[in-house]
file data_4.tsv (TSV, C-alpha atoms and all ligand atoms)
chain	number	residue	atom	x	y	z
A	189	MET	CA	88.76	115.97	75.32
A	190	GLU	CA	87.62	118.56	77.86
A	191	TYR	CA	87.79	118.00	81.63
A	192	ASN	CA	86.54	120.09	84.57
A	193	ILE	CA	88.84	120.00	87.58
A	194	ALA	CA	87.98	121.39	91.02
A	195	LEU	CA	91.05	122.92	92.65
A	196	LEU	CA	91.28	122.84	96.43
A	197	LYS	CA	94.53	124.71	97.07
A	198	GLY	CA	94.07	124.92	100.84
A	199	ASP	CA	96.70	126.37	103.16
A	200	GLY	CA	100.45	126.73	103.65
A	201	ILE	CA	102.31	125.53	100.55
A	202	GLY	CA	99.01	124.29	99.06
A	203	PRO	CA	98.55	127.24	96.64
A	204	GLU	CA	102.19	127.08	95.42
A	205	ILE	CA	102.20	123.36	94.67
A	206	VAL	CA	98.72	123.31	93.12
A	207	ASP	CA	99.72	126.20	90.84
A	208	SER	CA	102.70	124.11	89.71
A	209	ALA	CA	100.48	121.12	88.93
A	210	VAL	CA	98.08	123.35	87.00
A	211	LYS	CA	100.94	124.59	84.81
A	212	VAL	CA	101.93	120.99	84.11
A	213	LEU	CA	98.36	119.99	83.22
A	214	GLU	CA	98.07	123.01	80.90
A	215	LYS	CA	101.28	121.95	79.16
A	216	ILE	CA	99.95	118.39	78.79
A	217	GLY	CA	96.70	119.83	77.40
A	218	GLU	CA	98.65	121.85	74.81
A	219	LYS	CA	100.81	118.92	73.80
A	220	PHE	CA	98.13	116.23	73.59
A	221	GLY	CA	95.12	118.35	72.56
A	222	HIS	CA	93.01	118.38	75.76
A	223	LYS	CA	91.30	121.23	77.53
A	224	PHE	CA	91.41	121.36	81.32
A	225	ASN	CA	89.05	123.84	83.00
A	226	PHE	CA	90.02	124.71	86.58
A	227	THR	CA	87.63	126.04	89.23
A	228	PRO	CA	89.09	126.93	92.66
A	229	TYR	CA	87.14	126.29	95.88
A	230	LEU	CA	87.93	127.05	99.50
A	231	ILE	CA	88.95	124.31	101.93
A	232	GLY	CA	90.66	124.18	105.32
A	233	GLY	CA	92.01	127.20	107.20
A	234	CYS	CA	91.47	129.67	104.36
A	235	ALA	CA	87.80	128.60	104.26
A	236	ILE	CA	87.51	129.12	108.03
A	237	ASP	CA	88.94	132.63	107.61
A	238	GLU	CA	86.66	133.55	104.72
A	239	VAL	CA	83.37	131.85	105.49
A	240	GLY	CA	83.72	130.47	109.02
A	241	GLU	CA	83.86	126.74	108.26
A	242	PRO	CA	86.54	124.39	106.87
A	243	LEU	CA	84.34	122.73	104.25
A	244	PRO	CA	81.75	125.11	102.76
A	245	LYS	CA	78.77	123.59	100.95
A	246	GLU	CA	79.81	125.39	97.78
A	247	THR	CA	83.09	123.42	97.84
A	248	VAL	CA	81.31	120.08	98.20
A	249	ASP	CA	78.83	120.96	95.44
A	250	GLY	CA	81.63	122.18	93.17
A	251	CYS	CA	83.62	118.97	93.66
A	252	LEU	CA	80.54	116.82	93.03
A	253	ALA	CA	79.92	118.73	89.78
A	254	SER	CA	83.52	118.33	88.58
A	255	ASP	CA	85.21	115.48	86.69
A	256	SER	CA	87.94	115.29	89.30
A	257	VAL	CA	89.47	117.08	92.28
A	258	LEU	CA	93.05	118.23	92.91
A	259	LEU	CA	93.89	119.08	96.52
A	260	GLY	CA	96.99	120.82	97.92
A	261	ALA	CA	97.00	120.55	101.72
A	262	VAL	CA	95.18	122.04	104.69
A	263	GLY	CA	96.11	123.26	108.16
A	264	GLY	CA	98.66	125.49	109.83
A	265	TYR	CA	99.75	127.12	113.09
A	266	LYS	CA	97.03	129.76	112.89
A	267	TRP	CA	94.23	127.22	113.31
A	268	ASP	CA	96.02	124.77	115.65
A	269	ASN	CA	94.05	125.84	118.72
A	270	LEU	CA	90.58	125.32	117.26
A	271	SER	CA	88.53	122.41	118.61
A	272	GLY	CA	88.28	119.08	116.73
A	273	ASP	CA	85.37	119.58	114.35
A	274	LYS	CA	86.28	123.19	113.57
A	275	ARG	CA	89.84	122.36	112.53
A	276	PRO	CA	90.94	122.59	108.87
A	277	GLU	CA	91.82	118.86	108.80
A	278	LYS	CA	88.17	118.02	109.52
A	279	ALA	CA	87.41	119.10	105.96
A	280	LEU	CA	89.46	116.18	104.60
A	281	LEU	CA	87.24	113.50	106.14
A	282	GLY	CA	84.17	115.52	105.09
A	283	ILE	CA	85.14	115.85	101.44
A	284	ARG	CA	86.26	112.19	101.19
A	285	SER	CA	82.95	111.00	102.55
A	286	ALA	CA	80.91	113.48	100.45
A	287	LEU	CA	82.61	112.13	97.33
A	288	GLY	CA	82.15	108.48	98.42
A	289	LEU	CA	85.87	107.72	98.18
A	290	PHE	CA	86.46	104.20	99.50
A	291	THR	CA	89.87	103.49	97.98
A	292	ASN	CA	93.20	105.13	98.63
A	293	LEU	CA	96.04	104.56	96.17
A	294	ARG	CA	99.47	105.35	97.59
A	295	PRO	CA	102.45	104.77	95.32
A	296	ALA	CA	105.86	104.64	96.97
A	297	LYS	CA	108.62	104.99	94.45
A	298	LEU	CA	112.30	105.28	95.18
A	299	TYR	CA	114.00	106.85	92.18
A	300	PRO	CA	117.49	105.43	91.62
A	301	ALA	CA	118.68	109.08	91.45
A	302	LEU	CA	117.41	109.63	95.01
A	303	LYS	CA	118.48	106.34	96.55
A	304	GLU	CA	120.73	108.09	99.09
A	305	ALA	CA	117.59	109.61	100.65
A	306	SER	CA	116.31	106.18	101.72
A	307	PRO	CA	117.03	105.17	105.32
A	308	LEU	CA	117.50	101.58	104.07
A	309	ARG	CA	120.91	100.08	103.33
A	310	GLN	CA	122.17	100.98	99.86
A	311	ASP	CA	122.51	97.33	98.77
A	312	ILE	CA	118.74	96.95	99.40
A	313	VAL	CA	117.68	100.05	97.47
A	314	SER	CA	120.41	100.41	94.86
A	315	LYS	CA	117.98	99.59	92.02
A	316	GLY	CA	115.18	101.73	93.47
A	317	PHE	CA	111.65	100.34	93.89
A	318	ASP	CA	108.18	101.21	92.69
A	319	LEU	CA	105.15	99.89	94.55
A	320	LEU	CA	101.56	100.97	95.02
A	321	ILE	CA	99.38	100.33	98.06
A	322	VAL	CA	95.63	100.04	97.53
A	323	ARG	CA	94.06	100.75	100.91
A	324	GLU	CA	90.38	100.27	101.79
A	325	LEU	CA	89.37	103.64	103.20
A	326	THR	CA	85.85	103.57	104.62
A	327	GLY	CA	85.44	100.24	106.43
A	328	GLY	CA	87.12	98.03	109.01
A	329	ILE	CA	88.08	98.84	112.57
A	330	TYR	CA	88.19	102.65	112.12
A	331	PHE	CA	84.46	102.62	111.41
A	332	GLY	CA	83.29	99.64	113.53
A	333	GLU	CA	81.31	99.65	116.75
A	334	ARG	CA	83.32	100.99	119.70
A	335	GLY	CA	82.89	102.08	123.26
A	336	TYR	CA	83.43	101.19	126.89
A	337	ARG	CA	81.92	98.32	128.85
A	338	ASP	CA	82.27	96.24	131.99
A	339	GLY	CA	84.89	93.64	131.16
A	340	LYS	CA	86.53	90.74	132.96
A	341	TYR	CA	88.93	93.14	134.72
A	342	GLY	CA	86.57	96.09	135.15
A	343	ASN	CA	86.10	99.02	132.78
A	344	GLU	CA	87.46	98.29	129.29
A	345	ALA	CA	87.48	99.96	125.89
A	346	TYR	CA	86.76	98.07	122.67
A	347	ASP	CA	86.83	98.60	118.91
A	348	THR	CA	85.47	96.11	116.41
A	349	GLU	CA	86.40	95.29	112.85
A	350	ALA	CA	83.72	94.30	110.35
A	351	TYR	CA	84.01	93.91	106.59
A	352	SER	CA	81.11	92.99	104.33
A	353	GLU	CA	81.57	90.87	101.22
A	354	MET	CA	80.49	93.92	99.19
A	355	GLU	CA	83.19	96.15	100.68
A	356	ILE	CA	85.91	93.58	100.06
A	357	LYS	CA	84.67	92.80	96.56
A	358	ARG	CA	84.72	96.43	95.46
A	359	ILE	CA	88.24	97.09	96.77
A	360	ALA	CA	89.39	93.79	95.24
A	361	LYS	CA	88.14	94.93	91.84
A	362	VAL	CA	90.01	98.25	92.14
A	363	ALA	CA	93.17	96.38	93.15
A	364	PHE	CA	93.01	93.93	90.24
A	365	GLU	CA	92.20	96.73	87.77
A	366	THR	CA	95.18	98.69	89.15
A	367	ALA	CA	97.43	95.65	88.84
A	368	MET	CA	96.31	95.29	85.20
A	369	LYS	CA	97.56	98.86	84.60
A	370	ARG	CA	100.96	98.00	86.14
A	371	ASN	CA	102.99	94.77	86.27
A	372	LYS	CA	100.04	92.39	86.98
A	373	ASN	CA	101.49	91.32	90.30
A	374	LEU	CA	99.14	91.72	93.31
A	375	ILE	CA	99.97	90.95	96.93
A	376	SER	CA	97.01	90.86	99.32
A	377	ILE	CA	97.99	91.59	102.91
A	378	ASP	CA	95.86	90.30	105.78
A	379	LYS	CA	96.01	88.53	109.12
A	380	ALA	CA	94.08	85.43	108.11
A	381	ASN	CA	95.83	83.23	110.69
A	382	VAL	CA	93.97	85.17	113.42
A	383	LEU	CA	91.15	87.39	112.12
A	384	GLU	CA	87.82	86.26	110.72
A	385	THR	CA	87.55	89.45	108.62
A	386	SER	CA	90.91	88.55	107.05
A	387	ARG	CA	89.69	85.05	106.21
A	388	LEU	CA	86.71	86.55	104.37
A	389	TRP	CA	89.08	89.08	102.76
A	390	ARG	CA	91.30	86.27	101.47
A	391	LYS	CA	88.34	84.23	100.16
A	392	ILE	CA	86.95	87.18	98.20
A	393	MET	CA	90.37	88.14	96.83
A	394	HIS	CA	90.74	84.63	95.41
A	395	GLU	CA	87.22	84.60	94.00
A	396	THR	CA	87.89	87.94	92.28
A	397	ALA	CA	91.21	86.64	90.93
A	398	LYS	CA	89.25	84.28	88.65
A	399	ASP	CA	88.08	87.33	86.66
A	400	TYR	CA	91.69	88.50	86.19
A	401	PRO	CA	93.66	85.43	85.01
A	402	GLU	CA	96.59	87.63	83.89
A	403	VAL	CA	97.21	88.90	87.43
A	404	THR	CA	99.32	86.85	89.85
A	405	LEU	CA	97.77	87.02	93.32
A	406	THR	CA	99.86	86.21	96.43
A	407	ASP	CA	98.70	86.32	100.06
A	408	MET	CA	100.98	87.74	102.73
A	409	LEU	CA	100.43	88.10	106.47
A	410	VAL	CA	100.70	91.68	107.68
A	411	ASP	CA	103.57	91.05	110.10
A	412	ASN	CA	105.57	89.48	107.28
A	413	GLY	CA	104.50	92.32	104.95
A	414	ALA	CA	105.91	94.92	107.33
A	415	MET	CA	109.23	93.02	107.41
A	416	GLN	CA	109.38	92.39	103.67
A	417	LEU	CA	108.88	96.11	102.94
A	418	VAL	CA	112.21	96.91	104.57
A	419	LYS	CA	113.97	93.70	103.57
A	420	ASN	CA	113.11	93.50	99.89
A	421	PRO	CA	110.81	96.33	98.72
A	422	GLN	CA	111.46	95.46	95.07
A	423	GLN	CA	109.28	92.34	95.32
A	424	PHE	CA	106.13	94.51	95.58
A	425	ASP	CA	104.15	95.86	92.64
A	426	VAL	CA	100.54	96.37	93.81
A	427	VAL	CA	99.53	95.68	97.42
A	428	VAL	CA	95.89	95.55	98.55
A	429	THR	CA	94.96	95.71	102.20
A	430	SER	CA	92.39	96.78	104.76
A	431	ASN	CA	91.98	100.24	106.24
A	432	MET	CA	94.14	99.90	109.37
A	433	PHE	CA	96.88	97.73	107.81
A	434	GLY	CA	96.98	100.12	104.85
A	435	ASP	CA	97.27	103.13	107.12
A	436	ILE	CA	100.36	101.69	108.77
A	437	LEU	CA	102.01	100.04	105.75
A	438	SER	CA	101.56	103.06	103.46
A	439	ASP	CA	103.39	105.27	105.96
A	440	GLU	CA	106.12	102.66	106.29
A	441	ALA	CA	106.42	102.49	102.50
A	442	SER	CA	106.59	106.28	102.17
A	443	GLN	CA	109.31	106.52	104.81
A	444	ILE	CA	111.60	104.05	103.07
A	445	THR	CA	111.64	106.34	100.02
A	446	GLY	CA	113.02	109.02	102.36
A	447	SER	CA	111.41	111.97	100.57
A	448	ILE	CA	107.96	113.13	101.63
A	449	GLY	CA	107.80	115.86	98.95
A	450	MET	CA	107.80	113.27	96.15
A	451	LEU	CA	104.81	111.07	96.95
A	452	PRO	CA	101.36	111.48	95.37
A	453	SER	CA	98.08	109.79	96.27
A	454	ALA	CA	94.64	109.18	94.84
A	455	SER	CA	91.30	108.49	96.52
A	456	LEU	CA	88.69	106.82	94.36
A	457	GLY	CA	85.04	105.80	94.62
A	458	GLU	CA	82.45	104.08	92.41
A	459	THR	CA	82.69	106.70	89.68
A	460	LYS	CA	85.68	107.93	87.68
A	461	ARG	CA	85.79	111.09	89.82
A	462	GLY	CA	88.68	110.92	92.27
A	463	MET	CA	90.52	113.21	94.63
A	464	TYR	CA	94.26	113.57	94.09
A	465	GLU	CA	96.68	115.03	96.61
A	466	PRO	CA	100.27	114.84	97.83
A	467	ILE	CA	100.75	112.72	100.95
A	468	HIS	CA	102.50	115.54	102.80
A	469	GLY	CA	100.84	118.33	104.75
A	470	SER	CA	100.77	122.08	104.33
A	471	ALA	CA	104.39	122.58	105.51
A	472	PRO	CA	103.70	125.90	107.27
A	473	ASP	CA	107.41	126.19	108.11
A	474	ILE	CA	108.25	126.90	104.44
A	475	ALA	CA	104.93	128.33	103.19
A	476	GLY	CA	105.10	131.39	100.95
A	477	GLN	CA	108.88	131.05	100.44
A	478	ASN	CA	108.82	129.33	97.02
A	479	LYS	CA	110.85	126.47	98.56
A	480	ALA	CA	108.30	123.64	98.41
A	481	ASN	CA	108.90	120.57	96.29
A	482	PRO	CA	105.99	120.52	93.80
A	483	ILE	CA	106.67	116.96	92.55
A	484	ALA	CA	104.20	115.11	94.82
A	485	THR	CA	101.39	117.34	93.60
A	486	ILE	CA	102.51	117.18	89.96
A	487	LEU	CA	102.57	113.37	90.21
A	488	SER	CA	99.11	113.51	91.83
A	489	ALA	CA	97.90	115.35	88.73
A	490	GLY	CA	99.52	112.56	86.70
A	491	MET	CA	97.55	109.98	88.69
A	492	MET	CA	94.39	111.95	87.90
A	493	LEU	CA	95.13	111.59	84.20
A	494	ARG	CA	95.76	107.86	84.62
A	495	TYR	CA	92.93	106.85	86.95
A	496	SER	CA	90.13	109.37	86.34
A	497	PHE	CA	90.61	110.24	82.67
A	498	ASP	CA	92.30	107.06	81.36
A	499	LEU	CA	95.02	109.16	79.72
A	500	GLN	CA	97.92	106.71	80.11
A	501	THR	CA	100.33	108.28	77.59
A	502	GLU	CA	99.82	111.71	79.12
A	503	ALA	CA	100.37	110.33	82.64
A	504	ASP	CA	103.52	108.56	81.43
A	505	ALA	CA	104.75	111.88	80.00
A	506	ILE	CA	104.52	113.53	83.44
A	507	GLU	CA	106.27	110.64	85.19
A	508	LYS	CA	109.02	110.53	82.57
A	509	ALA	CA	109.57	114.30	82.89
A	510	VAL	CA	109.99	113.93	86.67
A	511	ASP	CA	112.39	110.98	86.21
A	512	SER	CA	114.36	113.01	83.75
A	513	VAL	CA	114.83	116.16	85.89
A	514	LEU	CA	115.96	113.99	88.79
A	515	GLU	CA	118.39	112.08	86.58
A	516	LYS	CA	119.80	115.43	85.44
A	517	GLY	CA	120.49	116.26	89.07
A	518	TYR	CA	117.90	119.00	89.71
A	519	ARG	CA	116.71	119.08	93.33
A	520	THR	CA	114.50	121.21	95.55
A	521	ALA	CA	115.78	122.09	99.05
A	522	ASP	CA	114.19	119.05	100.72
A	523	LEU	CA	116.19	116.71	98.45
A	524	VAL	CA	119.69	118.20	98.49
A	525	GLY	CA	120.79	116.88	101.90
A	526	ASP	CA	124.55	117.45	102.23
A	527	SER	CA	125.21	116.91	98.50
A	528	GLY	CA	126.34	120.48	97.94
A	529	ILE	CA	123.82	120.90	95.08
A	530	THR	CA	122.23	124.37	94.83
A	531	PRO	CA	118.51	123.80	95.32
A	532	LEU	CA	115.88	124.96	92.85
A	533	SER	CA	112.83	126.89	94.00
A	534	CYS	CA	109.32	125.50	93.57
A	535	THR	CA	108.77	127.50	90.38
A	536	GLU	CA	112.22	126.65	88.97
A	537	MET	CA	111.61	122.93	89.50
A	538	THR	CA	108.21	123.30	87.84
A	539	ASP	CA	109.83	125.03	84.86
A	540	LYS	CA	112.38	122.21	84.51
A	541	ILE	CA	109.57	119.65	84.45
A	542	LEU	CA	107.65	121.74	81.89
A	543	GLU	CA	110.75	121.80	79.66
A	544	GLU	CA	110.92	117.98	79.74
A	545	ILE	CA	107.29	117.43	78.74
B	1	LIG	P1	104.04	118.33	106.75
B	1	LIG	O1	103.98	117.20	105.80
B	1	LIG	O2	103.29	119.55	106.39
B	1	LIG	O3	105.56	118.75	106.99
B	1	LIG	C1	106.54	117.87	107.54
B	1	LIG	C2	107.95	118.36	107.12
B	1	LIG	O4	108.14	118.05	105.74
B	1	LIG	C3	108.12	119.86	107.25
B	1	LIG	O5	109.44	120.14	107.63
B	1	LIG	C4	107.88	120.39	105.85
B	1	LIG	O6	108.56	121.59	105.57
B	1	LIG	C5	108.39	119.24	105.00
B	1	LIG	N1	107.62	119.16	103.73
B	1	LIG	C6	106.37	118.68	103.55
B	1	LIG	N2	106.01	118.78	102.28
B	1	LIG	C7	107.05	119.32	101.61
B	1	LIG	C8	107.28	119.67	100.26
B	1	LIG	N3	106.36	119.49	99.30
B	1	LIG	N4	108.45	120.23	99.94
B	1	LIG	C9	109.41	120.43	100.88
B	1	LIG	N5	109.27	120.11	102.17
B	1	LIG	C10	108.10	119.56	102.54
B	1	LIG	O7	103.55	117.75	108.16
B	1	LIG	P2	103.30	118.50	109.55
B	1	LIG	O8	104.37	119.52	109.77
B	1	LIG	O9	103.12	117.42	110.53
B	1	LIG	O10	101.90	119.24	109.40
B	1	LIG	C11	101.75	120.60	109.00
B	1	LIG	C12	100.26	120.90	108.83
B	1	LIG	O11	99.75	120.12	107.75
B	1	LIG	C13	99.43	120.54	110.05
B	1	LIG	O12	98.46	121.54	110.23
B	1	LIG	C14	98.81	119.21	109.67
B	1	LIG	O13	97.59	118.98	110.34
B	1	LIG	C15	98.59	119.41	108.19
B	1	LIG	N6	98.49	118.17	107.40
B	1	LIG	C16	97.65	118.21	106.35
B	1	LIG	C17	97.54	117.12	105.51
B	1	LIG	C18	96.64	117.20	104.32
B	1	LIG	O14	96.18	118.28	104.00
B	1	LIG	N7	96.37	116.10	103.65
B	1	LIG	C19	98.33	115.97	105.76
B	1	LIG	C20	99.22	115.99	106.84
B	1	LIG	C21	99.30	117.10	107.66

call {"tool": "encode", "arguments": {"input": "data_4.tsv", "output": "structure tokens", "more": "lines below"}}
Ligand code: NAD
result
Amino acid sequence: MEYNIALLKGDGIGPEIVDSAVKVLEKIGEKFGHKFNFTPYLIGGCAIDEVGEPLPKETVDGCLASDSVLLGAVGGYKWDNLSGDKRPEKALLGIRSALGLFTNLRPAKLYPALKEASPLRQDIVSKGFDLLIVRELTGGIYFGERGYRDGKYGNEAYDTEAYSEMEIKRIAKVAFETAMKRNKNLISIDKANVLETSRLWRKIMHETAKDYPEVTLTDMLVDNGAMQLVKNPQQFDVVVTSNMFGDILSDEASQITGSIGMLPSASLGETKRGMYEPIHGSAPDIAGQNKANPIATILSAGMMLRYSFDLQTEADAIEKAVDSVLEKGYRTADLVGDSGITPLSCTEMTDKILEEI
């Protein structure tokens, strides 16, 4: 098959890590008989420098015309003093909304080989864990009515949360479909003991469950969910939750893996086209030094194969190659800690992964 991929390399380490992912996709194409066509577009600080705005129309049009989008990261010291809507990071919200991406998939995997990196006690993480958070991305309290008004005690600020049945139904479907691709175990996190939106959330999750009899659905309150993540992260396979709860829990989940350079993400909408990116930023402190860990971006490319192109075997091949280099003890600088291991550069790590594929 042939696929057209828009490349948004962005700033800082963005170009280095996207180049690594491109090499991996080319190797997968060679091995499994696919053709990936890559077209680069400007985004973020480099777009401001070249054309005066962080998200040029050509970039949006190019992404809309592609089968999928691979993003590095945006931002850096050079643009830190620009005002809000001129900043590189503004382009991220713009491109997500232009592509209609309402779901964010954030896996958090602790590889047994990297268990020392986790801030959790070793008896909790000794077997590693592998969970995926499905976060609703375009509704809820971040998008509800807000403002200031005269309240009981004078001037007060307010934000409101609203979720329609349609918004919950469509994220529920993504969550159940995702669970079907993994271990068929879905935990829905809400605050149904207090919030009306959560009660509707829970009702729709259970209605949707009837269409997926193979998936086990469990409800969990968000306060308990936050505790269970640090107490027993192995119990989670797929988690589905609202925008704000997902924002908080996905950062908690990423922190307990202890390694920001390892974690990919996917944003999906109604169509198969998604946007795939590492969860970390542009790391300006190490940009241009060939020190970045390319694994989060390589795994993001793997998610693209799995979720946009339905190429499960090919996605598995990328994940297995990453597992294998870690098992063999190869590490980039961010992962060595005080182990005494000599770190590999970004390109050396990429080459090791290519060898394993
Ligand atoms: P960051 O994630 O860029 O860096 C945090 C720390 O982690 C740094 O020490 C960095 O060197 C290290 N790090 C991050 N990714 C790494 C990798 N792949 N390999 C090795 N080390 C890695 O976060 P920050 O420093 O808060 O932000 C830097 C810039 O990135 C800012 O301009 C911020 O706005 C932007 N940012 C962009 C995105 C995005 O594009 N999606 C996300 C977060 C931050």

call {"tool": "atom_distance", "arguments": {"input": "data_4.tsv", "atom1": "CA of Ser352 (chain A)", "atom2": "atom O14 of ligand LIG 1 (chain B)"}}
result
29.4 Å

call {"tool": "residues_around", "arguments": {"input": "data_4.tsv", "residues": "region 324-340 of chain A", "least_positions_apart": "2", "cutoff": "12 Å", "atoms": "all atoms listed in the file", "output": "PyMOL selection string"}}
result
chain A and resi 281+284-294+321-322+342-363+376-377+383-386+389+427-435+438+454-457

call {"tool": "write_last_selection", "arguments": {"input": "data_4.tsv", "atoms": "C-alpha atoms", "output": "short mmCIF file (atom, residue, chain, number, x, y, z; two decimals), in the coordinates of the input"}}
result
data_model
loop_
_atom_site.label_atom_id
_atom_site.label_comp_id
_atom_site.auth_asym_id
_atom_site.auth_seq_id
_atom_site.Cartn_x
_atom_site.Cartn_y
_atom_site.Cartn_z
CA LEU A 281 87.24 113.50 106.14
CA ARG A 284 86.26 112.19 101.19
CA SER A 285 82.95 111.00 102.55
CA ALA A 286 80.91 113.48 100.45
CA LEU A 287 82.61 112.13 97.33
CA GLY A 288 82.15 108.48 98.42
CA LEU A 289 85.87 107.72 98.18
CA PHE A 290 86.46 104.20 99.50
CA THR A 291 89.87 103.49 97.98
CA ASN A 292 93.20 105.13 98.63
CA LEU A 293 96.04 104.56 96.17
CA ARG A 294 99.47 105.35 97.59
CA ILE A 321 99.38 100.33 98.06
CA VAL A 322 95.63 100.04 97.53
CA GLY A 342 86.57 96.09 135.15
CA ASN A 343 86.10 99.02 132.78
CA GLU A 344 87.46 98.29 129.29
CA ALA A 345 87.48 99.96 125.89
CA TYR A 346 86.76 98.07 122.67
CA ASP A 347 86.83 98.60 118.91
CA THR A 348 85.47 96.11 116.41
CA GLU A 349 86.40 95.29 112.85
CA ALA A 350 83.72 94.30 110.35
CA TYR A 351 84.01 93.91 106.59
CA SER A 352 81.11 92.99 104.33
CA GLU A 353 81.57 90.87 101.22
CA MET A 354 80.49 93.92 99.19
CA GLU A 355 83.19 96.15 100.68
CA ILE A 356 85.91 93.58 100.06
CA LYS A 357 84.67 92.80 96.56
CA ARG A 358 84.72 96.43 95.46
CA ILE A 359 88.24 97.09 96.77
CA ALA A 360 89.39 93.79 95.24
CA LYS A 361 88.14 94.93 91.84
CA VAL A 362 90.01 98.25 92.14
CA ALA A 363 93.17 96.38 93.15
CA SER A 376 97.01 90.86 99.32
CA ILE A 377 97.99 91.59 102.91
CA LEU A 383 91.15 87.39 112.12
CA GLU A 384 87.82 86.26 110.72
CA THR A 385 87.55 89.45 108.62
CA SER A 386 90.91 88.55 107.05
CA TRP A 389 89.08 89.08 102.76
CA VAL A 427 99.53 95.68 97.42
CA VAL A 428 95.89 95.55 98.55
CA THR A 429 94.96 95.71 102.20
CA SER A 430 92.39 96.78 104.76
CA ASN A 431 91.98 100.24 106.24
CA MET A 432 94.14 99.90 109.37
CA PHE A 433 96.88 97.73 107.81
CA GLY A 434 96.98 100.12 104.85
CA ASP A 435 97.27 103.13 107.12
CA SER A 438 101.56 103.06 103.46
CA ALA A 454 94.64 109.18 94.84
CA SER A 455 91.30 108.49 96.52
CA LEU A 456 88.69 106.82 94.36
CA GLY A 457 85.04 105.80 94.62
#

call {"tool": "atom_distance", "arguments": {"input": "data_4.tsv", "atom1": "CA of Ile448 (chain A)", "atom2": "CA of Lys303 (chain A)"}}
result
13.5 Å

call {"tool": "residues_around", "arguments": {"input": "data_4.tsv", "residues": "Gly221 (chain A)", "least_positions_apart": "2", "cutoff": "12 Å", "atoms": "only C-alpha atoms", "output": "list in words"}}
result
Met189, Glu190, Tyr191, Leu213, Glu214, Lys215, Ile216, Gly217, Glu218, Lys219, Lys223, Phe224, Leu499 and Glu502 of chain A

call {"tool": "write_last_selection", "arguments": {"input": "data_4.tsv", "atoms": "C-alpha atoms", "output": "compact mmCIF listing (two decimals), in the frame of the given file"}}
result
# COMPACT_ATOMS: atom_id res chain seq x y z
CA MET A 189 88.76 115.97 75.32
CA GLU A 190 87.62 118.56 77.86
CA TYR A 191 87.79 118.00 81.63
CA LEU A 213 98.36 119.99 83.22
CA GLU A 214 98.07 123.01 80.90
CA LYS A 215 101.28 121.95 79.16
CA ILE A 216 99.95 118.39 78.79
CA GLY A 217 96.70 119.83 77.40
CA GLU A 218 98.65 121.85 74.81
CA LYS A 219 100.81 118.92 73.80
CA LYS A 223 91.30 121.23 77.53
CA PHE A 224 91.41 121.36 81.32
CA LEU A 499 95.02 109.16 79.72
CA GLU A 502 99.82 111.71 79.12

call {"tool": "closest_residue", "arguments": {"input": "data_4.tsv", "among": "A:Gln310, A:Phe226, A:Lys398, A:Lys460", "to": "Lys211 (chain A)", "atoms": "only C-alpha atoms"}}
result
A:Phe226
